[in-house]
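A.B. asks: Pasting run-v7.txt here (compact mmCIF, C-alpha atoms):
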# COMPACT_ATOMS: atom_id res chain seq x y z
CA MET A 1 -66.57 -26.88 -30.98
CA ALA A 2 -64.97 -26.53 -27.53
CA GLU A 3 -61.34 -25.41 -27.32
CA GLU A 4 -58.92 -28.11 -26.26
CA LYS A 5 -57.28 -27.30 -22.94
CA LEU A 6 -53.63 -28.10 -22.19
CA PRO A 7 -52.88 -30.46 -19.32
CA VAL A 8 -51.85 -28.82 -16.05
CA THR A 9 -48.38 -30.36 -16.24
CA ASP A 10 -47.78 -28.85 -19.71
CA ILE A 11 -48.85 -25.41 -18.47
CA ARG A 12 -46.39 -25.67 -15.57
CA ILE A 13 -43.57 -26.68 -17.94
CA ILE A 14 -44.31 -23.72 -20.26
CA LYS A 15 -44.41 -21.27 -17.31
CA SER A 16 -41.20 -22.70 -15.88
CA LYS A 17 -39.48 -22.39 -19.27
CA ALA A 18 -40.67 -18.79 -19.68
CA LYS A 19 -39.45 -17.97 -16.18
CA ARG A 20 -36.01 -19.45 -16.91
CA GLN A 21 -35.76 -17.47 -20.15
CA ALA A 22 -36.70 -14.25 -18.36
CA GLU A 23 -34.11 -14.95 -15.65
CA LEU A 24 -31.50 -15.70 -18.32
CA ARG A 25 -32.26 -12.38 -20.05
CA ARG A 26 -31.86 -10.52 -16.75
CA GLN A 27 -28.54 -12.22 -16.10
CA LEU A 28 -27.30 -11.42 -19.60
CA VAL A 29 -28.21 -7.75 -19.11
CA ALA A 30 -26.36 -7.72 -15.77
CA TYR A 31 -23.27 -9.40 -17.22
CA SER A 32 -23.29 -6.99 -20.17
CA PHE A 33 -22.79 -4.12 -17.73
CA ILE A 34 -19.79 -5.70 -15.98
CA ALA A 35 -18.31 -7.28 -19.12
CA PRO A 36 -16.28 -4.19 -20.28
CA ASN A 37 -14.64 -3.81 -16.87
CA PHE A 38 -13.97 -7.54 -16.54
CA ILE A 39 -12.51 -7.76 -20.06
CA GLY A 40 -10.21 -4.83 -19.30
CA PHE A 41 -9.17 -6.45 -16.02
CA ALA A 42 -8.56 -9.80 -17.71
CA VAL A 43 -6.53 -8.38 -20.61
CA PHE A 44 -4.44 -5.82 -18.71
CA THR A 45 -4.19 -7.36 -15.22
CA LEU A 46 -5.15 -11.02 -14.91
CA VAL A 47 -3.36 -12.35 -18.02
CA PRO A 48 -0.11 -10.38 -17.30
CA ILE A 49 -0.12 -11.68 -13.70
CA ILE A 50 -0.50 -15.28 -14.85
CA PHE A 51 2.19 -14.78 -17.50
CA ALA A 52 4.53 -13.19 -14.94
CA PHE A 53 4.09 -16.18 -12.59
CA ALA A 54 4.89 -18.56 -15.46
CA LEU A 55 7.81 -16.41 -16.63
CA ALA A 56 9.47 -16.76 -13.23
CA PHE A 57 10.39 -20.32 -14.27
CA LEU A 58 11.49 -19.40 -17.80
CA ASN A 59 14.33 -17.59 -19.56
CA TRP A 60 13.43 -14.79 -21.97
CA ASP A 61 15.03 -11.57 -23.15
CA GLY A 62 12.12 -10.37 -25.27
CA ALA A 63 13.84 -11.23 -28.58
CA ASN A 64 14.93 -14.86 -28.51
CA ALA A 65 12.86 -17.96 -27.91
CA ILE A 66 11.57 -18.71 -24.41
CA THR A 67 13.43 -21.56 -22.70
CA TRP A 68 12.76 -23.51 -19.52
CA ALA A 69 14.77 -22.40 -16.48
CA GLY A 70 13.07 -24.15 -13.58
CA ILE A 71 14.25 -22.70 -10.29
CA ARG A 72 17.53 -21.37 -11.73
CA ASN A 73 16.16 -17.80 -11.70
CA PHE A 74 15.54 -18.05 -7.96
CA ILE A 75 18.98 -19.57 -7.32
CA SER A 76 20.55 -16.77 -9.36
CA LEU A 77 18.78 -14.17 -7.24
CA MET A 78 19.99 -15.77 -4.01
CA ASP A 79 23.57 -15.29 -5.21
CA ASP A 80 22.99 -11.71 -6.44
CA SER A 81 24.30 -8.96 -4.15
CA GLN A 82 21.99 -6.38 -5.73
CA PHE A 83 18.93 -8.46 -4.89
CA LYS A 84 20.15 -8.97 -1.32
CA SER A 85 20.72 -5.25 -0.75
CA SER A 86 17.34 -4.42 -2.34
CA PHE A 87 15.64 -6.96 -0.08
CA VAL A 88 17.30 -5.53 3.03
CA ASN A 89 16.51 -1.93 1.99
CA THR A 90 12.84 -2.80 1.44
CA VAL A 91 12.58 -4.46 4.85
CA VAL A 92 14.38 -1.56 6.58
CA TYR A 93 12.16 0.97 4.81
CA SER A 94 9.01 -0.91 5.82
CA ILE A 95 10.10 -1.36 9.45
CA GLY A 96 10.92 2.35 9.67
CA THR A 97 7.89 3.71 7.83
CA VAL A 98 4.95 1.56 8.97
CA PRO A 99 5.00 2.10 12.78
CA LEU A 100 6.08 5.76 12.62
CA THR A 101 3.43 6.64 10.03
CA LEU A 102 0.80 4.83 12.07
CA VAL A 103 1.76 6.73 15.24
CA ALA A 104 2.01 10.10 13.44
CA SER A 105 -1.35 9.71 11.69
CA LEU A 106 -3.08 8.60 14.90
CA PHE A 107 -1.57 11.54 16.81
CA LEU A 108 -2.72 14.00 14.14
CA ALA A 109 -6.20 12.49 14.07
CA VAL A 110 -6.59 12.68 17.87
CA VAL A 111 -5.40 16.30 17.96
CA LEU A 112 -7.46 17.45 14.98
CA ASN A 113 -10.54 15.67 16.26
CA GLN A 114 -10.66 18.16 19.12
CA LYS A 115 -12.55 21.45 18.91
CA ILE A 116 -9.58 23.71 18.23
CA LYS A 117 -9.36 26.93 16.26
CA GLY A 118 -8.45 26.44 12.59
CA ARG A 119 -9.11 22.70 12.74
CA ASN A 120 -10.28 22.41 9.12
CA PHE A 121 -7.27 24.39 7.92
CA PHE A 122 -4.81 22.10 9.70
CA ARG A 123 -6.64 19.03 8.40
CA THR A 124 -6.28 20.35 4.84
CA VAL A 125 -2.60 21.18 5.34
CA SER A 126 -1.93 17.71 6.75
CA PHE A 127 -3.68 16.01 3.83
CA PHE A 128 -2.05 18.19 1.15
CA PRO A 129 1.27 16.22 0.80
CA TYR A 130 -0.68 13.08 -0.11
CA VAL A 131 -2.58 14.68 -3.01
CA ALA A 132 0.20 17.01 -4.19
CA SER A 133 2.31 16.14 -7.23
CA LEU A 134 5.11 13.79 -6.21
CA VAL A 135 7.51 15.43 -8.67
CA ALA A 136 6.89 18.87 -7.16
CA ILE A 137 7.13 17.90 -3.50
CA THR A 138 10.28 15.78 -3.99
CA ALA A 139 11.93 18.73 -5.77
CA VAL A 140 11.03 21.02 -2.88
CA TRP A 141 12.11 18.41 -0.34
CA ASN A 142 15.51 18.01 -2.03
CA MET A 143 16.01 21.77 -1.95
CA ILE A 144 15.05 22.04 1.71
CA PHE A 145 17.34 19.14 2.69
CA ASN A 146 20.16 20.09 0.35
CA PRO A 147 23.42 19.37 2.29
CA ALA A 148 25.25 22.43 0.95
CA MET A 149 22.62 25.20 0.88
CA GLY A 150 19.39 23.78 2.28
CA PRO A 151 17.65 25.64 5.12
CA VAL A 152 17.52 22.54 7.34
CA ASN A 153 21.30 22.21 7.50
CA GLU A 154 21.65 25.99 7.84
CA ILE A 155 19.47 25.85 10.95
CA LEU A 156 21.44 22.88 12.32
CA ILE A 157 24.73 24.75 11.81
CA ARG A 158 23.34 27.80 13.62
CA LEU A 159 22.28 25.52 16.47
CA GLY A 160 25.87 24.33 16.84
CA VAL A 161 25.93 21.14 14.75
CA ASP A 162 29.40 21.14 13.17
CA ASP A 163 28.81 18.24 10.79
CA PRO A 164 25.13 18.20 9.69
CA PRO A 165 23.78 15.14 7.85
CA GLY A 166 24.17 14.74 4.12
CA TRP A 167 20.54 13.52 3.92
CA ILE A 168 19.69 11.95 0.56
CA ALA A 169 23.21 12.63 -0.80
CA ASP A 170 24.80 10.52 1.95
CA ASN A 171 24.38 6.74 1.84
CA LYS A 172 24.30 6.63 5.65
CA TRP A 173 21.36 9.05 5.81
CA ALA A 174 19.62 8.30 2.49
CA MET A 175 17.18 5.65 3.73
CA PHE A 176 16.40 7.68 6.85
CA THR A 177 15.53 10.64 4.61
CA ILE A 178 13.27 8.48 2.45
CA VAL A 179 11.49 7.14 5.55
CA LEU A 180 11.06 10.69 6.88
CA PHE A 181 9.63 11.85 3.56
CA SER A 182 7.23 8.88 3.37
CA ILE A 183 5.91 9.54 6.87
CA TRP A 184 5.31 13.20 5.98
CA LYS A 185 3.56 12.26 2.73
CA TYR A 186 1.33 9.43 3.96
CA MET A 187 0.35 10.49 7.48
CA GLY A 188 -2.33 12.90 6.19
CA TYR A 189 -4.13 10.18 4.29
CA TYR A 190 -4.20 7.76 7.21
CA MET A 191 -5.14 10.65 9.51
CA ILE A 192 -8.41 10.92 7.54
CA ILE A 193 -9.07 7.20 8.08
CA TYR A 194 -8.40 7.55 11.81
CA LEU A 195 -10.64 10.62 11.98
CA ALA A 196 -13.48 8.55 10.55
CA GLY A 197 -12.81 5.90 13.18
CA LEU A 198 -12.68 8.45 16.01
CA GLN A 199 -15.95 10.04 14.99
CA GLY A 200 -17.59 6.62 15.06
CA ILE A 201 -16.79 6.09 18.75
CA ASN A 202 -19.80 6.37 21.04
CA SER A 203 -19.43 9.55 23.14
CA GLU A 204 -21.20 7.83 26.04
CA LEU A 205 -18.05 5.77 26.61
CA TYR A 206 -16.08 8.94 27.33
CA GLU A 207 -18.86 10.29 29.55
CA ALA A 208 -18.89 7.08 31.57
CA ALA A 209 -15.08 7.22 31.86
CA SER A 210 -15.24 10.83 33.09
CA ILE A 211 -17.79 9.88 35.77
CA ASP A 212 -15.36 7.18 36.96
CA GLY A 213 -12.61 9.81 37.29
CA VAL A 214 -10.50 8.63 34.36
CA ASN A 215 -7.88 11.11 33.10
CA THR A 216 -7.17 12.02 29.46
CA TRP A 217 -4.36 9.51 28.96
CA GLN A 218 -6.42 6.68 30.45
CA LYS A 219 -9.34 7.57 28.18
CA PHE A 220 -7.04 7.31 25.18
CA TRP A 221 -5.48 4.03 26.33
CA TYR A 222 -8.58 2.21 27.57
CA VAL A 223 -11.32 3.73 25.39
CA THR A 224 -9.94 5.24 22.19
CA LEU A 225 -7.33 2.63 21.25
CA PRO A 226 -9.61 -0.42 21.77
CA GLN A 227 -12.38 1.24 19.77
CA LEU A 228 -9.89 1.95 16.94
CA LYS A 229 -8.67 -1.66 16.80
CA ASN A 230 -10.26 -2.44 13.42
CA THR A 231 -9.16 0.90 11.97
CA THR A 232 -5.59 0.33 13.14
CA PHE A 233 -5.58 -3.15 11.65
CA PHE A 234 -6.74 -1.78 8.28
CA VAL A 235 -4.11 0.99 8.36
CA LEU A 236 -1.41 -1.54 9.29
CA ILE A 237 -2.28 -3.84 6.37
CA MET A 238 -2.47 -1.00 3.83
CA LEU A 239 0.77 0.59 5.03
CA THR A 240 2.64 -2.71 4.94
CA ILE A 241 1.58 -3.46 1.36
CA GLN A 242 2.31 0.12 0.32
CA CYS A 243 5.81 0.04 1.80
CA PHE A 244 6.78 -3.31 0.29
CA LYS A 245 5.85 -2.12 -3.20
CA VAL A 246 7.37 1.36 -2.87
CA TYR A 247 8.99 2.65 -6.06
CA ASP A 248 7.99 6.17 -7.04
CA ILE A 249 9.09 7.90 -3.83
CA VAL A 250 12.50 6.24 -3.80
CA PHE A 251 13.04 6.85 -7.51
CA MET A 252 12.02 10.52 -7.44
CA LEU A 253 13.77 11.37 -4.17
CA ALA A 254 17.01 9.42 -4.53
CA GLY A 255 17.24 8.80 -8.27
CA GLY A 256 18.45 12.26 -9.15
CA GLY A 257 18.58 13.54 -12.71
CA ALA A 258 20.04 10.30 -14.07
CA GLY A 259 17.48 8.20 -12.22
CA VAL A 260 20.15 5.83 -10.89
CA LEU A 261 19.83 4.73 -7.27
CA THR A 262 22.73 3.77 -5.07
CA GLU A 263 23.01 0.41 -3.33
CA ALA A 264 21.81 2.09 -0.13
CA THR A 265 18.48 3.16 -1.64
CA THR A 266 17.58 0.53 -4.25
CA VAL A 267 14.39 -1.32 -3.32
CA LEU A 268 12.88 -4.52 -4.70
CA VAL A 269 10.43 -2.93 -7.14
CA TYR A 270 13.17 -0.75 -8.61
CA ASP A 271 15.44 -3.78 -8.93
CA ILE A 272 12.61 -5.65 -10.71
CA TYR A 273 12.29 -2.74 -13.12
CA ASN A 274 16.03 -2.76 -13.80
CA ARG A 275 16.20 -6.49 -14.47
CA ALA A 276 13.21 -6.42 -16.80
CA PHE A 277 13.65 -3.23 -18.80
CA ARG A 278 17.33 -2.35 -18.48
CA TYR A 279 19.00 -5.77 -18.51
CA LEU A 280 16.18 -7.64 -20.34
CA ARG A 281 16.20 -10.52 -17.85
CA TYR A 282 12.47 -11.02 -17.70
CA GLY A 283 12.69 -14.42 -16.02
CA GLU A 284 14.72 -13.11 -13.08
CA ALA A 285 12.50 -10.03 -12.82
CA SER A 286 9.40 -12.21 -12.66
CA ALA A 287 11.03 -14.47 -10.08
CA GLU A 288 11.85 -11.43 -7.95
CA ALA A 289 8.27 -10.17 -8.33
CA LEU A 290 7.02 -13.58 -7.18
CA ILE A 291 9.29 -13.42 -4.13
CA LEU A 292 7.93 -9.96 -3.32
CA PHE A 293 4.37 -11.25 -3.67
CA VAL A 294 5.08 -14.15 -1.29
CA MET A 295 6.70 -11.75 1.20
CA VAL A 296 3.65 -9.48 1.25
CA LEU A 297 1.32 -12.49 1.46
CA ILE A 298 3.18 -14.01 4.41
CA VAL A 299 3.32 -10.72 6.34
CA THR A 300 -0.38 -10.09 5.68
CA LEU A 301 -1.37 -13.60 6.77
CA ILE A 302 0.68 -13.22 9.96
CA GLN A 303 -1.05 -9.93 10.71
CA PHE A 304 -4.47 -11.53 10.13
CA ARG A 305 -3.55 -14.47 12.38
CA LEU A 306 -2.32 -12.21 15.19
CA ASP A 307 -5.46 -10.06 14.91
CA LYS A 308 -7.63 -13.18 15.05
CA LYS A 309 -5.85 -14.39 18.22
CA LYS A 310 -6.38 -11.00 19.88
CA ASN A 311 -10.09 -11.18 19.12
Could you render the structure as structure tokens?

C.D. replies:
Amino acid sequence: MAEEKLPVTDIRIIKSKAKRQAELRRQLVAYSFIAPNFIGFAVFTLVPIIFAFALAFLNWDGANAITWAGIRNFISLMDDSQFKSSFVNTVVYSIGTVPLTLVASLFLAVVLNQKIKGRNFFRTVSFFPYVASLVAITAVWNMIFNPAMGPVNEILIRLGVDDPPGWIADNKWAMFTIVLFSIWKYMGYYMIIYLAGLQGINSELYEAASIDGVNTWQKFWYVTLPQLKNTTFFVLIMLTIQCFKVYDIVFMLAGGGAGVLTEATTVLVYDIYNRAFRYLRYGEASAEALILFVMVLIVTLIQFRLDKKKN
């Protein structure tokens, strides 16, 4: 008795179904690999972010029931002198740190990209502050810049400065000291990024410039800087975000043993921490965090728009 053959259409349906099942199995295997990381991200990052955004419009002290606040948390912040000073300090810190760090890191990268003796040693020394323990280097920095017995003020006195700065102990000099420390700490990291950009520049461009009689400064201005445009844009974005969310440097350098910052050194992230965990005003803290997020977003979008216009 001859075997009954399936119609061609049925065979195609069976093959198509088998193919879909195999594809589904492959997708499930792929998702199983990323699931642990995504679950961790969702539980510890995504859900808290969503809750923080919602909490900005609520009142909660962590013990009593959550109540609706609307925009009262934002209005309260606008009338708060501590928030205003923290906002100004954050902007001043960012304006002082971003351009100077960018210039310092680019200068280091250009110098250490040359064939000089001990180049690798100086690269390592420049990068060391970024990877060193923040607690250790802030302790050393505070000793070096100690107004009473630090070597920096001793040198200034010997040079004829009658009234040397009080550095971090003086409200007039505190933010300047923090900016100076941040430049010293971060310039090594961004130097590495600039070095990568410099080594990616085609050497034929410099050879062509030399044939045309271009001097060193003109090579830097008309060849190096344009070729580093994308690298500079990346450094600018990363530095801006890093400066707006600064906390650890300010706290360790200016907080002292009691960990209490003065009005001249308090920044937004530290003020958010205080409102949330010291005063238990989670709604206001979340509102301030939302304001900080919007600030960073606006500045970043402006930078992207300006970069797009230049291109």

A.B. asks: From the list A:Leu106, A:Phe234, A:Thr265, A:Asp248, which residue is nearest Asp170 in chain A when using only C-alpha atoms?

C.D. replies: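 The shortest atom-to-atom distance to Asp170 in chain A comes from A:Thr265.
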
A.B. asks: Give me, as an NGL selection string, all polymer residues having an atom no more than 9 Å from range 298-308 of chain A, counting only C-alpha atoms and skipping those fewer than 6 positions away in the same chain.

C.D. replies: :A and (233 or 236-237 or 240-241)

A.B. asks: Looking at A:Gln218, A:Ser86, A:Gln199, A:Gln27, which one is nearest to Asn113 in chain A, with distances taken over only C-alpha atoms?

C.D. replies: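 For Asn113 in chain A, the nearest of the given residues is A:Gln199.
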
A.B. asks: Would you work out the distance separating CA of Phe127 in chain A from CA of Val267 in chain A, expressed in Å to one decimal?

C.D. replies: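 CA of Val267 in chain A lies 26.0 Å from CA of Phe127 in chain A.
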
A.B. asks: What does the distance from CA of Ile144 in chain A to CA of Leu268 in chain A come to in Å, to one decimal?

C.D. replies: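 According to the coordinates, CA of Ile144 in chain A and CA of Leu268 in chain A are separated by 27.4 Å.
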